[in-house]
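Heads up, query_39.cif below (mmCIF, C-alpha atoms):
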```
data_query
loop_
_atom_site.label_atom_id
_atom_site.label_comp_id
_atom_site.auth_asym_id
_atom_site.auth_seq_id
_atom_site.Cartn_x
_atom_site.Cartn_y
_atom_site.Cartn_z
CA MET G 74 -97.79 -25.34 -182.53
CA PHE G 75 -95.26 -28.16 -182.35
CA ASP G 76 -92.18 -26.04 -183.06
CA THR G 77 -91.40 -23.60 -180.25
CA PHE G 78 -92.98 -22.10 -177.16
CA ARG G 79 -91.56 -18.82 -175.90
CA GLY G 80 -88.38 -19.51 -177.85
CA LEU G 81 -87.84 -23.04 -176.54
CA PRO G 82 -88.36 -26.22 -178.55
CA VAL G 83 -91.73 -27.77 -177.64
CA HIS G 84 -90.05 -31.18 -177.79
CA ALA G 85 -87.68 -30.34 -174.94
CA LEU G 86 -90.68 -29.30 -172.84
CA VAL G 87 -93.18 -32.06 -173.61
CA VAL G 88 -90.81 -35.02 -173.39
CA HIS G 89 -90.56 -34.33 -169.69
CA ALA G 90 -94.28 -34.96 -169.40
CA VAL G 91 -93.90 -38.29 -171.18
CA VAL G 92 -90.88 -39.25 -169.09
CA ALA G 93 -92.84 -38.52 -165.91
CA LEU G 94 -96.35 -39.67 -166.83
CA VAL G 95 -95.57 -43.04 -168.41
CA PRO G 96 -93.57 -44.46 -165.48
CA LEU G 97 -95.97 -42.98 -162.90
CA SER G 98 -98.95 -44.44 -164.74
CA ALA G 99 -97.16 -47.76 -165.08
CA LEU G 100 -96.34 -47.78 -161.36
CA GLY G 101 -99.98 -47.10 -160.58
CA LEU G 102 -101.07 -49.81 -163.00
CA VAL G 103 -98.72 -52.35 -161.42
CA ALA G 104 -100.04 -51.35 -157.99
CA ILE G 105 -103.73 -51.77 -158.86
CA ALA G 106 -102.96 -54.96 -160.75
CA ALA G 107 -101.19 -56.43 -157.74
CA ILE G 108 -103.51 -55.10 -155.04
CA PRO G 109 -107.14 -55.49 -156.12
CA ARG G 110 -108.56 -53.56 -153.15
CA TRP G 111 -106.79 -50.42 -154.48
CA ARG G 112 -108.64 -50.57 -157.81
CA PRO G 113 -111.80 -48.73 -156.70
CA ARG G 114 -109.79 -45.98 -155.04
CA PHE G 115 -106.97 -45.49 -157.53
CA GLY G 116 -108.19 -47.08 -160.77
CA LEU G 117 -109.62 -43.88 -162.23
CA LEU G 118 -106.45 -41.98 -161.32
CA VAL G 119 -104.37 -44.58 -163.19
CA VAL G 120 -106.66 -44.30 -166.22
CA LEU G 121 -106.42 -40.49 -166.16
CA GLY G 122 -102.62 -40.58 -165.84
CA SER G 123 -102.37 -43.09 -168.67
CA THR G 124 -104.67 -40.92 -170.78
CA ALA G 125 -102.51 -37.87 -170.19
CA ALA G 126 -99.41 -39.88 -171.13
CA LEU G 127 -101.13 -41.16 -174.27
CA VAL G 128 -102.03 -37.59 -175.31
CA CYS G 129 -98.49 -36.31 -174.70
CA VAL G 130 -96.72 -38.97 -176.78
CA PRO G 131 -97.86 -37.75 -180.24
CA VAL G 132 -97.08 -34.18 -179.23
CA ALA G 133 -93.56 -35.29 -178.31
CA THR G 134 -93.21 -37.15 -181.61
CA ARG G 135 -94.47 -34.29 -183.79
CA SER G 136 -92.45 -31.68 -181.94
CA GLY G 137 -89.39 -33.93 -182.24
CA ASN G 138 -89.86 -34.03 -186.00
CA ARG G 139 -89.98 -30.22 -186.04
CA LEU G 140 -86.86 -29.99 -183.90
CA GLN G 141 -85.01 -32.43 -186.13
CA LYS G 142 -85.68 -30.20 -189.13
CA ARG G 143 -84.34 -27.17 -187.25
CA LEU G 144 -81.15 -28.91 -186.14
CA ASN G 145 -79.90 -29.85 -189.60
CA ALA G 146 -77.56 -32.39 -187.98
CA SER G 147 -75.08 -34.52 -189.87
CA GLY G 148 -72.67 -37.37 -189.26
CA VAL G 149 -72.72 -39.20 -185.95
CA VAL G 150 -75.30 -36.86 -184.44
CA ALA G 151 -77.70 -37.40 -187.35
CA ASP G 152 -77.35 -41.17 -186.86
CA GLN G 153 -78.05 -40.83 -183.13
CA ILE G 154 -81.09 -38.65 -183.82
CA ALA G 155 -82.36 -41.20 -186.36
CA HIS G 156 -82.01 -43.96 -183.74
CA HIS G 157 -83.84 -41.83 -181.17
CA LYS G 158 -86.59 -41.06 -183.68
CA SER G 159 -87.00 -44.74 -184.54
CA LEU G 160 -87.42 -45.67 -180.89
CA GLY G 161 -89.69 -42.68 -180.29
CA GLN G 162 -92.07 -43.70 -183.04
CA GLN G 163 -92.67 -46.98 -181.21
CA VAL G 164 -93.54 -45.39 -177.85
CA ILE G 165 -97.14 -44.64 -178.86
CA TRP G 166 -97.90 -48.34 -179.34
CA PHE G 167 -96.52 -49.31 -175.95
CA VAL G 168 -98.44 -46.51 -174.22
CA LEU G 169 -101.61 -47.29 -176.18
CA VAL G 170 -101.54 -50.92 -175.01
CA MET G 171 -100.86 -49.78 -171.43
CA TRP G 172 -103.80 -47.36 -171.65
CA LEU G 173 -106.18 -49.95 -173.13
CA LEU G 174 -105.33 -52.44 -170.39
CA ALA G 175 -105.65 -49.80 -167.66
CA VAL G 176 -109.11 -48.94 -168.96
CA ALA G 177 -110.03 -52.64 -169.22
CA LEU G 178 -108.88 -53.36 -165.67
CA TYR G 179 -110.76 -50.31 -164.36
CA LEU G 180 -113.96 -51.25 -166.19
CA LEU G 181 -113.78 -54.88 -165.11
CA ASP G 182 -113.39 -53.78 -161.52
CA ARG G 183 -116.29 -51.29 -161.81
CA ALA G 184 -118.47 -54.05 -163.22
CA GLY G 185 -117.65 -56.21 -160.21
CA ARG G 186 -115.95 -58.87 -162.30
CA ALA G 187 -113.61 -61.32 -160.65
CA GLY G 188 -111.88 -64.51 -161.64
CA ALA G 189 -109.38 -65.66 -164.20
CA LEU G 190 -110.16 -62.96 -166.79
CA VAL G 191 -109.43 -60.17 -164.32
CA VAL G 192 -106.24 -61.87 -163.15
CA VAL G 193 -105.02 -62.26 -166.75
CA VAL G 194 -105.86 -58.64 -167.59
CA ALA G 195 -104.12 -57.47 -164.40
CA VAL G 196 -100.95 -59.44 -165.14
CA VAL G 197 -100.81 -58.36 -168.79
CA ALA G 198 -101.56 -54.75 -167.78
CA ALA G 199 -98.68 -54.73 -165.30
CA LEU G 200 -96.35 -56.15 -167.96
CA ALA G 201 -97.55 -53.55 -170.47
CA GLY G 202 -96.79 -50.77 -167.99
CA ILE G 203 -93.30 -52.12 -167.44
CA ALA G 204 -92.75 -52.45 -171.20
CA ALA G 205 -93.99 -48.90 -171.86
CA THR G 206 -91.65 -47.56 -169.21
CA ALA G 207 -88.73 -49.50 -170.66
CA GLN G 208 -89.43 -48.12 -174.14
CA VAL G 209 -89.61 -44.56 -172.80
CA VAL G 210 -86.30 -45.08 -170.99
CA ARG G 211 -84.64 -46.49 -174.12
CA THR G 212 -85.96 -43.62 -176.22
CA GLY G 213 -84.97 -40.98 -173.69
CA GLU G 214 -81.49 -42.41 -173.33
CA ALA G 215 -81.02 -42.35 -177.10
CA GLY G 216 -82.29 -38.76 -177.24
CA SER G 217 -80.06 -37.55 -174.44
CA THR G 218 -77.10 -39.25 -176.09
CA ALA G 219 -77.90 -37.46 -179.36
CA VAL G 220 -78.09 -34.12 -177.56
CA TRP G 221 -75.27 -34.36 -175.08
CA LYS G 222 -72.64 -36.92 -176.06
CA CYS G 223 -70.91 -34.74 -178.63
CA THR G 224 -71.24 -31.69 -176.37
CA ILE G 225 -69.71 -33.31 -173.30
CA THR G 226 -67.18 -35.53 -175.11
CA PRO G 227 -66.52 -33.95 -178.54
CA ASN G 228 -63.89 -36.59 -179.43
CA ALA G 229 -66.58 -39.28 -179.22
CA CYS G 230 -68.23 -37.78 -182.28
CA SER G 231 -65.30 -36.82 -184.45
CA THR G 232 -65.42 -38.33 -187.90
CA GLY G 233 -61.74 -38.02 -188.59
#
```

This entry written out as structure tokens:
Amino acid sequence: MFDTFRGLPVHALVVHAVVALVPLSALGLVAIAAIPRWRPRFGLLVVLGSTAALVCVPVATRSGNRLQKRLNASGVVADQIAHHKSLGQQVIWFVLVMWLLAVALYLLDRAGRAGALVVVVAVVAALAGIAATAQVVRTGEAGSTAVWKCTITPNACSTG
């Protein structure tokens, strides 16, 4: 299930969902955190987007592990893949915190809560969305470097 789909690595397919859903969910979370009147209208959408992102992250991680085994990389590329994998294993925690805070902000709004607690949750939620996006960007950059740097600039990866 996490290896290939129609001959293509699942990882190459599902990471695009993570790369799209996490920043979009974070943008929505920042928006409803900053503009309270948008919470009733868009809060559930932000929670659903964050949930989809949260579901996609472990699929990306597991499929990445399968792809790594297929590649049998060595040298510089293996080091780059290891760095990408290390960053990728952290993404779930960032997205989980973003999701929890999106749910909390949505539920607080639905309950009609106002005041300092809601403001604190909104600010921390916005920061969590930004942090999750940053971690996805760092991880994606490391992965694209592992895939393309030696292909585009072979001398950059020579060991001799």

Spatial neighbours of region 87-91 of chain G, max dist 7 Å, all atoms listed in the file, sep filter under 3 positions, as JSON, numbers by chain: {"G": [83, 84, 94, 95, 126, 129, 130, 133]}

Those selected residues, please, written with C-alpha atoms and delivered as an mmCIF file, in the frame of the given file.
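The resulting file, again_38.cif, is reproduced below:
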```
data_model
loop_
_atom_site.group_PDB
_atom_site.id
_atom_site.type_symbol
_atom_site.label_atom_id
_atom_site.label_comp_id
_atom_site.auth_asym_id
_atom_site.auth_seq_id
_atom_site.Cartn_x
_atom_site.Cartn_y
_atom_site.Cartn_z
ATOM 1 C CA VAL G 83 -91.730 -27.770 -177.640
ATOM 2 C CA HIS G 84 -90.050 -31.180 -177.790
ATOM 3 C CA LEU G 94 -96.350 -39.670 -166.830
ATOM 4 C CA VAL G 95 -95.570 -43.040 -168.410
ATOM 5 C CA ALA G 126 -99.410 -39.880 -171.130
ATOM 6 C CA CYS G 129 -98.490 -36.310 -174.700
ATOM 7 C CA VAL G 130 -96.720 -38.970 -176.780
ATOM 8 C CA ALA G 133 -93.560 -35.290 -178.310
#
```

Residues matched by the PyMOL selection byres ((chain G and resi 112) around 12) as number ranges by chain: G: 101-111, 113-120, 175-186, 191, 195

Taking all listed atoms of region 79-96 of chain G, build the axis-aligned box, pad each of the six sides by 3 Å, then write its centre and edge lengths in Å to one decimal as lines of an AutoDock Vina configuration file.
```
center_x = -92.0
center_y = -31.6
center_z = -172.0
size_x = 14.7
size_y = 31.6
size_z = 19.1
```

Residue neighbourhood Ala85 (chain G), 12 Å, only C-alpha atoms, exclusion window fewer than 5 positions, as a PyMOL selection string: chain G and resi 75-78+80+90-92+132-141+213+216-217+220

Selection dump of the PyMOL selection byres ((chain G and resi 206) around 10), as a ChimeraX atom specification: /G:91-100,164,167-168,171,200-205,207-212

Output the selection as a PDB file, in the frame of the given file - C-alpha atoms for each residue.
```pdb
ATOM      1  CA  VAL G  91     -93.900 -38.290-171.180  1.00  0.00           C
ATOM      2  CA  VAL G  92     -90.880 -39.250-169.090  1.00  0.00           C
ATOM      3  CA  ALA G  93     -92.840 -38.520-165.910  1.00  0.00           C
ATOM      4  CA  LEU G  94     -96.350 -39.670-166.830  1.00  0.00           C
ATOM      5  CA  VAL G  95     -95.570 -43.040-168.410  1.00  0.00           C
ATOM      6  CA  PRO G  96     -93.570 -44.460-165.480  1.00  0.00           C
ATOM      7  CA  LEU G  97     -95.970 -42.980-162.900  1.00  0.00           C
ATOM      8  CA  SER G  98     -98.950 -44.440-164.740  1.00  0.00           C
ATOM      9  CA  ALA G  99     -97.160 -47.760-165.080  1.00  0.00           C
ATOM     10  CA  LEU G 100     -96.340 -47.780-161.360  1.00  0.00           C
ATOM     11  CA  VAL G 164     -93.540 -45.390-177.850  1.00  0.00           C
ATOM     12  CA  PHE G 167     -96.520 -49.310-175.950  1.00  0.00           C
ATOM     13  CA  VAL G 168     -98.440 -46.510-174.220  1.00  0.00           C
ATOM     14  CA  MET G 171    -100.860 -49.780-171.430  1.00  0.00           C
ATOM     15  CA  LEU G 200     -96.350 -56.150-167.960  1.00  0.00           C
ATOM     16  CA  ALA G 201     -97.550 -53.550-170.470  1.00  0.00           C
ATOM     17  CA  GLY G 202     -96.790 -50.770-167.990  1.00  0.00           C
ATOM     18  CA  ILE G 203     -93.300 -52.120-167.440  1.00  0.00           C
ATOM     19  CA  ALA G 204     -92.750 -52.450-171.200  1.00  0.00           C
ATOM     20  CA  ALA G 205     -93.990 -48.900-171.860  1.00  0.00           C
ATOM     21  CA  ALA G 207     -88.730 -49.500-170.660  1.00  0.00           C
ATOM     22  CA  GLN G 208     -89.430 -48.120-174.140  1.00  0.00           C
ATOM     23  CA  VAL G 209     -89.610 -44.560-172.800  1.00  0.00           C
ATOM     24  CA  VAL G 210     -86.300 -45.080-170.990  1.00  0.00           C
ATOM     25  CA  ARG G 211     -84.640 -46.490-174.120  1.00  0.00           C
ATOM     26  CA  THR G 212     -85.960 -43.620-176.220  1.00  0.00           C
TER      27      THR G 212
END
```
